[in-house]
Every structure is written in C-alpha cells, then in structure tokens.
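Data from work12.txt: compact mmCIF, C-alpha atoms and all ligand atoms
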```txt
# COMPACT_ATOMS: atom_id res chain seq x y z
CA MET A 30 -18.04 15.76 13.48
CA THR A 31 -20.02 13.78 16.07
CA LEU A 32 -21.62 10.59 14.81
CA ALA A 33 -25.40 10.36 14.99
CA VAL A 34 -26.69 8.14 17.80
CA ARG A 35 -28.27 5.72 15.33
CA ASP A 36 -24.90 5.34 13.52
CA VAL A 37 -23.13 4.63 16.82
CA GLU A 38 -25.77 2.03 17.68
CA TYR A 39 -25.40 0.45 14.24
CA LEU A 40 -21.61 0.21 14.69
CA ARG A 41 -21.94 -1.17 18.23
CA ALA A 42 -24.23 -3.96 17.05
CA LEU A 43 -22.01 -4.77 14.07
CA ILE A 44 -18.88 -4.96 16.26
CA ALA A 45 -20.61 -7.17 18.85
CA ARG A 46 -21.78 -9.51 16.08
CA HIS A 47 -18.35 -9.86 14.47
CA SER A 48 -15.89 -9.79 17.36
CA GLY A 49 -17.96 -10.35 20.51
CA ASN A 50 -16.72 -6.98 21.82
CA CYS A 51 -19.48 -4.94 23.48
CA LEU A 52 -18.44 -1.31 23.47
CA ASP A 53 -20.39 1.02 25.73
CA ALA A 54 -20.86 4.79 25.74
CA THR A 55 -17.39 5.35 27.24
CA HIS A 56 -15.93 4.13 23.92
CA ASP A 57 -17.98 6.46 21.71
CA TYR A 58 -15.03 8.79 21.23
CA LEU A 59 -13.09 5.95 19.56
CA TYR A 60 -15.19 5.55 16.41
CA GLU A 61 -13.90 8.62 14.57
CA SER A 62 -10.22 8.00 15.35
CA ARG A 63 -10.22 4.21 14.89
CA LEU A 64 -12.20 4.27 11.67
CA HIS A 65 -10.41 7.27 10.14
CA ARG A 66 -7.85 5.27 8.13
CA LEU A 67 -10.40 2.75 6.88
CA THR A 68 -12.82 5.55 5.96
CA ARG A 69 -10.18 7.40 3.89
CA GLY A 70 -8.73 4.20 2.46
CA ARG A 71 -12.12 3.19 1.07
CA GLY A 72 -12.71 6.64 -0.41
CA PHE A 73 -15.42 7.81 2.02
CA SER A 74 -15.36 11.40 3.21
CA SER A 75 -16.68 10.67 6.72
CA VAL A 76 -17.42 7.85 9.13
CA ALA A 77 -21.12 8.63 8.64
CA GLN A 78 -20.65 7.85 4.93
CA LEU A 79 -18.88 4.62 5.83
CA VAL A 80 -21.85 3.65 8.01
CA ALA A 81 -24.23 4.46 5.14
CA ALA A 82 -22.22 2.10 2.89
CA LEU A 83 -22.37 -0.62 5.59
CA ARG A 84 -26.14 -0.24 5.85
CA SER A 85 -26.57 -0.54 2.10
CA ALA A 86 -24.54 -3.79 1.86
CA PRO A 87 -25.22 -5.90 4.97
CA GLY A 88 -22.90 -8.89 5.31
CA SER A 89 -20.12 -7.28 3.25
CA LEU A 90 -16.41 -7.81 3.94
CA LEU A 91 -16.28 -4.17 5.00
CA GLU A 92 -18.08 -5.21 8.21
CA HIS A 93 -15.10 -7.39 9.18
CA SER A 94 -12.68 -4.54 8.51
CA VAL A 95 -14.73 -2.24 10.75
CA ALA A 96 -14.85 -4.79 13.59
CA GLU A 97 -11.10 -5.39 13.31
CA ALA A 98 -10.30 -1.67 13.23
CA MET A 99 -12.27 -1.19 16.46
CA THR A 100 -10.38 -3.77 18.57
CA ILE A 101 -8.28 -2.59 21.51
CA ASN A 102 -4.74 -3.70 20.66
CA GLU A 103 -2.66 -2.50 23.61
CA THR A 104 0.24 -4.89 24.32
CA SER A 105 3.94 -4.91 25.16
CA PHE A 106 6.84 -7.29 25.72
CA PHE A 107 6.59 -9.23 29.02
CA ARG A 108 3.34 -7.43 29.87
CA GLU A 109 2.20 -8.24 33.41
CA PRO A 110 5.60 -9.78 34.19
CA ALA A 111 4.42 -11.76 37.24
CA ALA A 112 2.87 -14.37 34.93
CA PHE A 113 6.15 -14.84 33.04
CA GLU A 114 8.05 -15.02 36.32
CA LEU A 115 5.70 -17.67 37.71
CA LEU A 116 6.08 -19.67 34.51
CA ARG A 117 9.87 -19.36 34.60
CA ARG A 118 10.33 -20.20 38.29
CA THR A 119 7.76 -22.88 38.98
CA LEU A 120 5.35 -23.93 36.27
CA LEU A 121 7.73 -24.44 33.36
CA PRO A 122 10.27 -26.67 35.17
CA ALA A 123 7.40 -28.90 36.35
CA LEU A 124 5.83 -28.98 32.88
CA ILE A 125 9.15 -29.90 31.27
CA ALA A 126 9.59 -32.74 33.75
CA ARG A 127 6.09 -34.05 32.87
CA ARG A 128 6.80 -33.86 29.10
CA ARG A 129 10.33 -35.31 29.12
CA GLN A 130 9.28 -38.46 27.21
CA ARG A 131 7.31 -36.63 24.55
CA ARG A 132 9.74 -33.73 24.22
CA ASN A 133 7.36 -31.23 22.71
CA LEU A 134 5.48 -28.20 24.00
CA LEU A 135 2.66 -26.17 22.47
CA PHE A 136 1.99 -22.63 23.71
CA TRP A 137 -0.96 -20.56 22.49
CA SER A 138 -1.28 -16.81 22.81
CA ALA A 139 -4.97 -16.66 21.97
CA ALA A 140 -5.28 -12.89 21.35
CA CYS A 141 -1.71 -11.98 20.54
CA SER A 142 -2.22 -8.50 19.06
CA SER A 143 1.05 -7.51 17.31
CA GLY A 144 2.98 -10.50 18.69
CA GLN A 145 4.99 -9.20 21.66
CA GLU A 146 3.41 -11.83 23.98
CA VAL A 147 4.46 -14.63 21.62
CA TYR A 148 8.06 -13.45 21.28
CA SER A 149 8.26 -12.87 25.05
CA LEU A 150 7.32 -16.53 25.57
CA ALA A 151 9.91 -17.61 23.00
CA MET A 152 12.61 -15.55 24.77
CA LEU A 153 11.59 -16.92 28.16
CA LEU A 154 11.96 -20.47 26.87
CA ARG A 155 15.27 -19.89 25.12
CA GLU A 156 16.73 -18.06 28.14
CA ASN A 157 15.72 -20.45 30.83
CA VAL A 158 15.65 -23.87 29.29
CA PRO A 159 18.67 -24.24 26.98
CA LEU A 160 18.11 -27.98 26.94
CA LEU A 161 14.93 -27.35 24.95
CA THR A 162 17.00 -27.05 21.74
CA SER A 163 16.43 -30.78 21.34
CA TRP A 164 12.64 -30.42 21.85
CA THR A 165 9.90 -29.36 19.43
CA ILE A 166 8.66 -25.98 20.60
CA ASP A 167 5.60 -24.50 18.93
CA ILE A 168 4.32 -21.08 19.98
CA LEU A 169 1.11 -20.16 18.19
CA GLY A 170 -0.19 -16.59 18.16
CA THR A 171 -3.74 -15.92 16.97
CA ASP A 172 -5.85 -12.80 16.80
CA LEU A 173 -9.11 -11.65 15.25
CA CYS A 174 -7.36 -8.90 13.37
CA ALA A 175 -5.57 -10.01 10.18
CA GLU A 176 -3.53 -6.81 10.02
CA LEU A 177 -2.13 -7.45 13.51
CA ILE A 178 -1.32 -11.04 12.58
CA ALA A 179 0.63 -9.77 9.56
CA ARG A 180 2.51 -7.35 11.84
CA ALA A 181 3.25 -10.10 14.34
CA ALA A 182 4.56 -12.40 11.60
CA ALA A 183 6.73 -9.58 10.21
CA ALA A 184 8.33 -9.42 13.71
CA ARG A 185 9.48 -5.83 13.29
CA TYR A 186 9.14 -3.39 16.21
CA SER A 187 9.87 0.30 16.61
CA ARG A 188 12.31 1.71 19.16
CA VAL A 189 9.36 2.77 21.31
CA GLU A 190 7.83 -0.72 21.20
CA VAL A 191 11.04 -2.48 22.20
CA SER A 192 11.59 0.05 24.98
CA ARG A 193 8.33 -1.15 26.55
CA GLY A 194 9.13 -4.20 28.66
CA LEU A 195 12.05 -5.73 26.79
CA PRO A 196 15.23 -5.79 28.92
CA THR A 197 18.33 -4.61 27.00
CA PRO A 198 20.22 -7.95 27.27
CA LEU A 199 17.26 -9.73 25.64
CA LEU A 200 16.97 -7.03 22.98
CA LEU A 201 20.63 -7.52 22.08
CA ARG A 202 20.40 -11.30 22.14
CA TYR A 203 17.17 -11.87 20.25
CA MET A 204 16.60 -8.82 18.03
CA VAL A 205 18.58 -7.46 15.09
CA ARG A 206 18.60 -3.86 13.93
CA ALA A 207 16.34 -3.10 10.99
CA GLY A 208 17.15 0.50 10.09
CA ASP A 209 17.48 3.53 12.35
CA ASP A 210 14.28 3.18 14.28
CA ALA A 211 13.34 -0.50 14.19
CA TRP A 212 14.35 -3.92 15.40
CA GLU A 213 13.48 -7.35 14.05
CA VAL A 214 13.18 -10.60 15.97
CA SER A 215 16.04 -12.95 15.09
CA PRO A 216 15.31 -15.80 12.65
CA ALA A 217 16.19 -18.41 15.33
CA LEU A 218 13.50 -17.08 17.67
CA ARG A 219 10.99 -16.61 14.86
CA SER A 220 11.38 -20.25 13.88
CA LEU A 221 9.63 -21.22 17.16
CA CYS A 222 6.62 -19.01 16.48
CA ARG A 223 3.72 -19.01 14.01
CA PHE A 224 0.67 -16.83 13.60
CA GLN A 225 -2.89 -17.29 12.31
CA PRO A 226 -6.00 -15.11 12.23
CA ARG A 227 -8.66 -16.62 14.50
CA ASN A 228 -11.89 -15.37 16.02
CA LEU A 229 -12.21 -16.76 19.54
CA CYS A 230 -15.98 -16.36 19.48
CA THR A 231 -16.67 -18.41 16.38
CA THR A 232 -13.93 -20.99 15.93
CA PRO A 233 -13.81 -24.51 17.41
CA PRO A 234 -11.05 -25.72 19.78
CA LEU A 235 -7.55 -26.11 18.33
CA PRO A 236 -6.87 -29.51 16.75
CA GLN A 237 -3.99 -30.23 19.19
CA LEU A 238 -4.05 -29.85 22.97
CA CYS A 239 -1.95 -26.95 24.25
CA ASP A 240 0.33 -27.09 27.26
CA VAL A 241 0.04 -23.39 28.09
CA ILE A 242 -2.57 -20.87 26.95
CA PHE A 243 -2.34 -17.11 27.41
CA LEU A 244 -5.84 -15.64 27.06
CA ARG A 245 -4.99 -12.24 28.43
CA ASN A 246 -6.76 -8.91 28.20
CA VAL A 247 -9.23 -9.96 25.53
CA MET A 248 -12.37 -11.09 27.36
CA LEU A 249 -12.77 -7.69 29.03
CA TYR A 250 -15.26 -6.56 26.43
CA PHE A 251 -17.08 -9.87 25.95
CA PRO A 252 -20.52 -10.21 27.58
CA PRO A 253 -20.81 -13.02 30.20
CA ALA A 254 -22.37 -15.58 27.84
CA THR A 255 -19.58 -15.09 25.27
CA ARG A 256 -16.92 -15.38 27.99
CA ALA A 257 -18.41 -18.66 29.17
CA ARG A 258 -18.51 -20.03 25.61
CA VAL A 259 -14.93 -18.95 24.83
CA LEU A 260 -13.71 -20.50 28.09
CA GLN A 261 -15.35 -23.79 27.11
CA THR A 262 -13.49 -23.75 23.79
CA ILE A 263 -10.27 -22.92 25.61
CA HIS A 264 -10.89 -25.78 28.05
CA ARG A 265 -11.20 -28.19 25.13
CA SER A 266 -7.94 -26.82 23.65
CA LEU A 267 -5.87 -27.33 26.81
CA ALA A 268 -4.15 -30.53 28.01
CA PRO A 269 -5.65 -31.95 31.26
CA ASP A 270 -2.48 -30.88 33.09
CA GLY A 271 -2.14 -27.64 31.11
CA ILE A 272 -1.91 -24.06 32.34
CA LEU A 273 -4.16 -21.09 31.55
CA PHE A 274 -3.36 -17.44 32.24
CA LEU A 275 -5.92 -14.64 32.06
CA GLY A 276 -5.01 -10.94 32.27
CA ALA A 277 -4.05 -9.68 35.72
CA THR A 278 -7.28 -7.68 36.10
CA GLU A 279 -9.55 -10.36 34.63
CA GLN A 280 -11.72 -12.62 36.75
CA MET A 281 -12.57 -16.19 35.88
CA PRO A 282 -16.38 -16.43 35.94
CA ASP A 283 -17.80 -19.05 38.32
CA SER A 284 -17.27 -22.31 36.48
CA PRO A 285 -16.93 -26.01 37.30
CA LEU A 286 -14.30 -26.23 34.52
CA TRP A 287 -11.47 -24.31 36.19
CA LYS A 288 -9.60 -24.15 39.46
CA ALA A 289 -7.78 -20.93 40.31
CA VAL A 290 -4.30 -21.43 41.71
CA ARG A 291 -3.30 -18.30 43.60
CA THR A 292 0.37 -17.54 44.16
CA PRO A 293 1.81 -14.39 45.79
CA GLY A 294 2.41 -12.68 42.40
CA ALA A 295 -0.05 -14.16 39.92
CA VAL A 296 -3.03 -16.43 39.44
CA TRP A 297 -3.16 -19.28 36.96
CA TYR A 298 -5.96 -21.68 36.11
CA CYS A 299 -5.88 -25.43 36.03
CA PRO A 300 -8.55 -27.25 33.94
CA LEU A 301 -10.87 -29.62 35.82
CA PRO A 302 -12.39 -32.66 34.11
CA ALA A 303 -15.64 -31.77 32.27
CA ARG A 304 -18.59 -33.66 33.75
C1 LIG B 401 -5.57 -5.72 24.52
S1 LIG B 401 -5.01 -6.85 23.29
C2 LIG B 401 -4.22 -8.07 24.30
C3 LIG B 401 -2.93 -8.55 23.72
C4 LIG B 401 -2.12 -9.49 24.63
N1 LIG B 401 -2.84 -10.70 24.91
C5 LIG B 401 -1.75 -8.79 25.90
O1 LIG B 401 -2.31 -9.09 26.97
O2 LIG B 401 -0.89 -7.91 25.84
C6 LIG B 401 -6.56 -7.64 22.87
C7 LIG B 401 -6.50 -8.37 21.52
O3 LIG B 401 -7.67 -9.19 21.41
C8 LIG B 401 -8.04 -9.24 20.05
N2 LIG B 401 -9.44 -9.68 19.95
C9 LIG B 401 -10.57 -8.98 20.24
N3 LIG B 401 -11.66 -9.72 20.01
C10 LIG B 401 -11.21 -10.93 19.58
C11 LIG B 401 -11.87 -12.12 19.17
N4 LIG B 401 -13.21 -12.23 19.15
N5 LIG B 401 -11.10 -13.16 18.77
C12 LIG B 401 -9.74 -13.07 18.79
N6 LIG B 401 -9.07 -11.96 19.15
C13 LIG B 401 -9.81 -10.90 19.54
C14 LIG B 401 -7.79 -7.82 19.56
O4 LIG B 401 -7.64 -7.77 18.17
C15 LIG B 401 -6.52 -7.44 20.32
O5 LIG B 401 -5.38 -7.62 19.54
```
For this file, write the structure as structure tokens.
Amino acid sequence: MTLAVRDVEYLRALIARHSGNCLDATHDYLYESRLHRLTRGRGFSSVAQLVAALRSAPGSLLEHSVAEAMTINETSFFREPAAFELLRRTLLPALIARRRQRRNLLFWSAACSSGQEVYSLAMLLRENVPLLTSWTIDILGTDLCAELIARAAAARYSRVEVSRGLPTPLLLRYMVRAGDDAWEVSPALRSLCRFQPRNLCTTPPLPQLCDVIFLRNVMLYFPPATRARVLQTIHRSLAPDGILFLGATEQMPDSPLWKAVRTPGAVWYCPLPAR
C-alpha cells in the first residue's frame, strides 16, 4: 500500500531531525521496505499505523528506531580500496615515524555501519606494520544505529559479506569459521577495535585527538549546514597533523579548515589551524 503524502512528509521531517539525513522523493519507495520489520515487531499492521502511533506520542523512543531503520547502511571490506592503498603506501609510514616516541595511534571510523571499515583498518595495520605489536592501537567505530554497532561488535559476517572486498589470504589469516555460512573476526584483531553508538550531528568532538578519521559515505544525505557543522566537530577531533578521508564521491565543501591533498588514486584532507 502506498503511504499518504502527509505520512511521507511526517517521516521525512522526523528522520531529518534525528539523523540529519534529508531523504527526497527518490527515496519514497524505501519507507515500506525499511520500516517493515519495525512495524511488525511493534505489533502494527501497516506503516501508516506506525506513523499514527508516532504522531500520537511525539518525542518517543520509537522515533529513534524509525530514524535508525531508515539509514543507508551499504558497506564492505576495503571499500574504495584506493584510500587504504594510499594509507598503506605513503601516509601510514610517515605517521608512524611522527609517532615513534608516543607509540600509540587512534583511528576513528565515524559512520562504521556493520564494522567492515574498522576491521579492514585493523587488518591493514597488522599486515603492513608488524612492529606495531609493541604500540597501543585503538580503532574506534561509531554509528548512529545501535543495531549496526551491536553487529559490528559481534564481528560475525556471512559468506556473501566476506566475499565482498576481503582477499582470501586475509580471510584465512584474520577470520575464523563460525558455522557453515559465517565467519568471525579473530580475537587478536578484535582486541584492537571498539564500537560505540554516536550521532555525528549532535555529539561533541571526541575526548582524544585522532590520528586518522574515516568519514566516508555518510554526509551524502546531510544538508550543507549540517555538513559544515559535522566537519567542524571532526576538525576538533583530529590531531593537527592528522588525516581525514571522505568517501570517493564526496566533495569537501569550501572551508578554511581543510586542505585537499590530491594523489593519483585518492584524495585526503589535512586539517588547517582554526582562525
Ligand atoms: C553508507 S554507510 C557508510 C559505511 C562506511 N563508512 C563505508 O563507507 O562503507 C553510512 C552509515 O552512516 C550512518 N549514519 C547516518 N547518519 C548518521 C549520523 N547522523 N551519525 C552517525 N552515523 C550516521 C548510517 O547508520 C550508516 O551505517
């Protein structure tokens, strides 16, 4: 059944308020499919009934569940591999040299979905910098959606998920079989990674400065003012010589806070001092 226009508009406004994501008419087909499980799980017979319940209890926890259910969660291991390659070849060796006294590194995947980006970073580090076993490595994954954070922390992936982007040698080295159709990230790799729910639009900068931030494929649906605000928070969460990656198709808005460094395969962003 097609949702009434006023129900779609109600959902659009609610989602924008909670997650910063502005869905337009091209996403209208998503409401029924994305909200199906939540609708049934809460005992409603249709999405229209779910919207009626939302209207009758503004500010309820159900609003958060709706906003989370409507996020676009597409991800895979080593997605957009040019960024990982640039990190491996050039940026990471230089960063390690700069941190050799301190001997710790903090990575933040700021919209990590089900965690593949975080475990890809952990594998990249373990593969390419064996000497880091004597360093403190902290890879933080955060996402708006609590259910995705729970999935990421569980570190269990289906055969289809591991077949997307994860080279077989890495699969065999860093994942262990978990039944016929699933694999689990090894405890050694998991010990480098932690996960927390976090809304980029409403939370302050992280308490510690990060060395590398991946903020990829999340700002696509944020309006310009939200993007600018999130990028300010990210700027305050990144070390002055830190490294920011956006998604390959994302553009940094004009800003005095960032300098784009273009390489043949990928672009990264270097923070400039705030005036
Ligand atoms: C398309 S996935 C990107 C995952 C990964 N960074 C990548 O590039 O493969 C976008 C993620 O952003 C999350 N997200 C959307 N709005 C958010 C917000 N306001 N705060 C934090 N995460 C958000 C979604 O839940 C989703 O998991």
What are the nearest atom pairs, with distances in Å to one decimal, for all residues of chain A that come at most 9 Å from ligand LIG 401 (chain B), using only C-alpha atoms and all ligand atoms, set out by chain and rising residue number as a tab-separated table?
```
residue	atom	partner	partner_atom	distance
A:Ala45	CA	B:LIG401	N4	9.0
A:His47	CA	B:LIG401	N4	7.3
A:Ser48	CA	B:LIG401	N4	4.0
A:Gly49	CA	B:LIG401	N4	5.3
A:Asn50	CA	B:LIG401	N3	6.0
A:Ala96	CA	B:LIG401	N3	8.7
A:Glu97	CA	B:LIG401	O4	6.4
A:Ala98	CA	B:LIG401	O4	8.3
A:Met99	CA	B:LIG401	O4	8.2
A:Thr100	CA	B:LIG401	O4	4.9
A:Ile101	CA	B:LIG401	C1	5.1
A:Asn102	CA	B:LIG401	S1	4.1
A:Glu103	CA	B:LIG401	C1	4.4
A:Thr104	CA	B:LIG401	O2	3.6
A:Ser105	CA	B:LIG401	O2	5.7
A:Phe106	CA	B:LIG401	O2	7.8
A:Phe107	CA	B:LIG401	O2	8.2
A:Arg108	CA	B:LIG401	O2	5.9
A:Glu109	CA	B:LIG401	O1	7.9
A:Ser138	CA	B:LIG401	N1	6.6
A:Ala139	CA	B:LIG401	C12	6.8
A:Ala140	CA	B:LIG401	O3	4.4
A:Cys141	CA	B:LIG401	N1	4.7
A:Ser142	CA	B:LIG401	O5	3.3
A:Ser143	CA	B:LIG401	O5	6.8
A:Gly144	CA	B:LIG401	C4	7.9
A:Gln145	CA	B:LIG401	O2	7.3
A:Glu146	CA	B:LIG401	C4	6.0
A:Val147	CA	B:LIG401	C4	8.9
A:Thr171	CA	B:LIG401	C12	6.9
A:Asp172	CA	B:LIG401	N6	4.1
A:Leu173	CA	B:LIG401	C12	3.9
A:Cys174	CA	B:LIG401	O4	4.9
A:Ala175	CA	B:LIG401	O4	8.6
A:Leu177	CA	B:LIG401	O5	6.9
A:Ile178	CA	B:LIG401	O5	8.8
A:Pro226	CA	B:LIG401	C12	7.8
A:Arg227	CA	B:LIG401	C12	5.7
A:Asn228	CA	B:LIG401	N5	3.6
A:Leu229	CA	B:LIG401	N5	3.8
A:Cys230	CA	B:LIG401	N4	5.0
A:Thr231	CA	B:LIG401	N4	7.6
A:Thr232	CA	B:LIG401	N5	8.8
A:Phe243	CA	B:LIG401	N1	6.9
A:Leu244	CA	B:LIG401	N1	6.2
A:Arg245	CA	B:LIG401	O1	4.4
A:Asn246	CA	B:LIG401	O1	4.6
A:Val247	CA	B:LIG401	C6	4.4
A:Met248	CA	B:LIG401	N3	7.5
A:Leu249	CA	B:LIG401	C1	8.7
A:Tyr250	CA	B:LIG401	N3	8.0
A:Phe251	CA	B:LIG401	N3	8.0
A:Val259	CA	B:LIG401	N4	9.0
A:Leu275	CA	B:LIG401	O1	8.4
A:Gly276	CA	B:LIG401	O1	6.2
A:Ala277	CA	B:LIG401	O1	8.9
```
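Nearest to Ser94 in chain A of all the residues A:Pro285, A:Gly70, A:Pro300, A:Pro110 is A:Gly70, counting all atoms listed in the file.
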Distance query Arg206 in chain A at most 12 Å, all atoms listed in the file, self and fewer than 2 positions along chain excluded, as an MDAnalysis selection string
chainID A and resid 184:188 191 200:204 208:215
Name the closest residue to Arg35 in chain A among the candidates A:Ala81, A:Cys222, A:Leu153, A:Leu120; distances are taken between atoms, counting only C-alpha atoms.
A:Ala81
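Across the structure, CA of Leu59 in chain A and CA of Ala82 in chain A are spaced 19.4 Å apart.
The nearest approach to Thr165 in chain A among the residues A:Ser220, A:Thr197, A:Thr119, A:Gln225, with only C-alpha atoms taken into account, belongs to A:Ser220.
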Using only C-alpha atoms, the best pick from A:Ser149, A:Leu273, A:Val158, A:Ala181 as closest to Ala126 in chain A would be A:Val158
For CA of Val241 in chain A and CA of Val189 in chain A, quote the distance in Å rounded to one decimal.
28.6 Å
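Distance-wise, CA of Leu135 in chain A and CA of Cys239 in chain A end up 5.0 Å apart.
Of the residues under consideration (A:Met281, A:Leu150, A:Val80, A:Leu40), A:Leu150 shows the shortest atom-to-atom contact distance to Glu114 in chain A when counting only C-alpha atoms.
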Neighbours of Asp36 in chain A within 12 Å (only C-alpha atoms; same-chain residues fewer than 6 positions away dropped), as a PyMOL selection string?
chain A and resi 42-43+57+60-61+75-84
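Closest approach to Arg41 in chain A among A:Ser284, A:Ser85, A:Arg71, A:Val95 is made by A:Val95 (distances from all atoms listed in the file).
Neighbours of Arg155 in chain A closer than or equal to 12 Å, with all atoms listed in the file counted and sequence neighbours fewer than 3 positions away skipped, come out as A:Arg117, A:Tyr148, A:Ser149, A:Leu150, A:Ala151, A:Met152, A:Val158, A:Pro159, A:Leu160, A:Leu161, A:Thr162, A:Ser163, A:Trp164, A:Ile166, A:Leu199, A:Arg202, A:Tyr203, A:Ala217, A:Leu218, A:Arg219, A:Ser220, A:Leu221.
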Some atoms are missing, so please complete range 142-151 of chain A with all heavy atoms and return it as a compact mmCIF listing (two decimals), in the coordinates of the input.
```
# COMPACT_ATOMS: atom_id res chain seq x y z
N SER A 142 -2.44 -9.85 19.56
CA SER A 142 -2.22 -8.50 19.06
C SER A 142 -1.02 -8.50 18.10
O SER A 142 -0.93 -9.38 17.24
CB SER A 142 -2.05 -7.53 20.24
OG SER A 142 -1.99 -6.21 19.76
N SER A 143 -0.06 -7.60 18.27
CA SER A 143 1.05 -7.51 17.31
C SER A 143 2.22 -8.44 17.65
O SER A 143 3.31 -8.29 17.09
CB SER A 143 1.51 -6.06 17.18
OG SER A 143 1.51 -5.42 18.43
N GLY A 144 2.02 -9.40 18.55
CA GLY A 144 2.98 -10.50 18.69
C GLY A 144 3.96 -10.43 19.84
O GLY A 144 4.69 -11.40 20.10
N GLN A 145 3.99 -9.32 20.59
CA GLN A 145 4.99 -9.20 21.66
C GLN A 145 4.86 -10.32 22.69
O GLN A 145 5.86 -10.79 23.24
CB GLN A 145 4.86 -7.83 22.36
CG GLN A 145 5.38 -6.65 21.53
CD GLN A 145 4.33 -6.01 20.66
OE1 GLN A 145 3.43 -6.68 20.16
NE2 GLN A 145 4.43 -4.71 20.44
N GLU A 146 3.61 -10.76 22.99
CA GLU A 146 3.41 -11.83 23.98
C GLU A 146 4.06 -13.13 23.49
O GLU A 146 4.67 -13.87 24.26
CB GLU A 146 1.90 -12.01 24.19
CG GLU A 146 1.52 -12.89 25.34
CD GLU A 146 0.03 -12.75 25.66
OE1 GLU A 146 -0.80 -13.43 25.01
OE2 GLU A 146 -0.32 -11.94 26.52
N VAL A 147 3.92 -13.39 22.20
CA VAL A 147 4.46 -14.63 21.62
C VAL A 147 5.99 -14.61 21.69
O VAL A 147 6.62 -15.58 22.13
CB VAL A 147 3.98 -14.75 20.14
CG1 VAL A 147 4.70 -15.86 19.42
CG2 VAL A 147 2.48 -14.97 20.12
N TYR A 148 6.59 -13.51 21.27
CA TYR A 148 8.06 -13.45 21.28
C TYR A 148 8.61 -13.39 22.72
O TYR A 148 9.70 -13.87 22.98
CB TYR A 148 8.56 -12.27 20.43
CG TYR A 148 8.21 -12.44 18.96
CD1 TYR A 148 7.41 -11.52 18.29
CD2 TYR A 148 8.64 -13.57 18.26
CE1 TYR A 148 7.06 -11.70 16.95
CE2 TYR A 148 8.29 -13.77 16.92
CZ TYR A 148 7.50 -12.82 16.28
OH TYR A 148 7.16 -13.01 14.95
N SER A 149 7.83 -12.85 23.64
CA SER A 149 8.26 -12.87 25.05
C SER A 149 8.33 -14.31 25.55
O SER A 149 9.28 -14.70 26.24
CB SER A 149 7.28 -12.08 25.94
OG SER A 149 7.17 -10.75 25.49
N LEU A 150 7.31 -15.11 25.17
CA LEU A 150 7.32 -16.53 25.57
C LEU A 150 8.51 -17.25 24.95
O LEU A 150 9.19 -18.04 25.60
CB LEU A 150 6.02 -17.20 25.14
CG LEU A 150 4.79 -16.91 26.00
CD1 LEU A 150 3.51 -17.39 25.32
CD2 LEU A 150 4.94 -17.58 27.38
N ALA A 151 8.78 -16.95 23.69
CA ALA A 151 9.91 -17.61 23.00
C ALA A 151 11.23 -17.24 23.70
O ALA A 151 12.08 -18.11 23.93
CB ALA A 151 9.93 -17.20 21.53
```
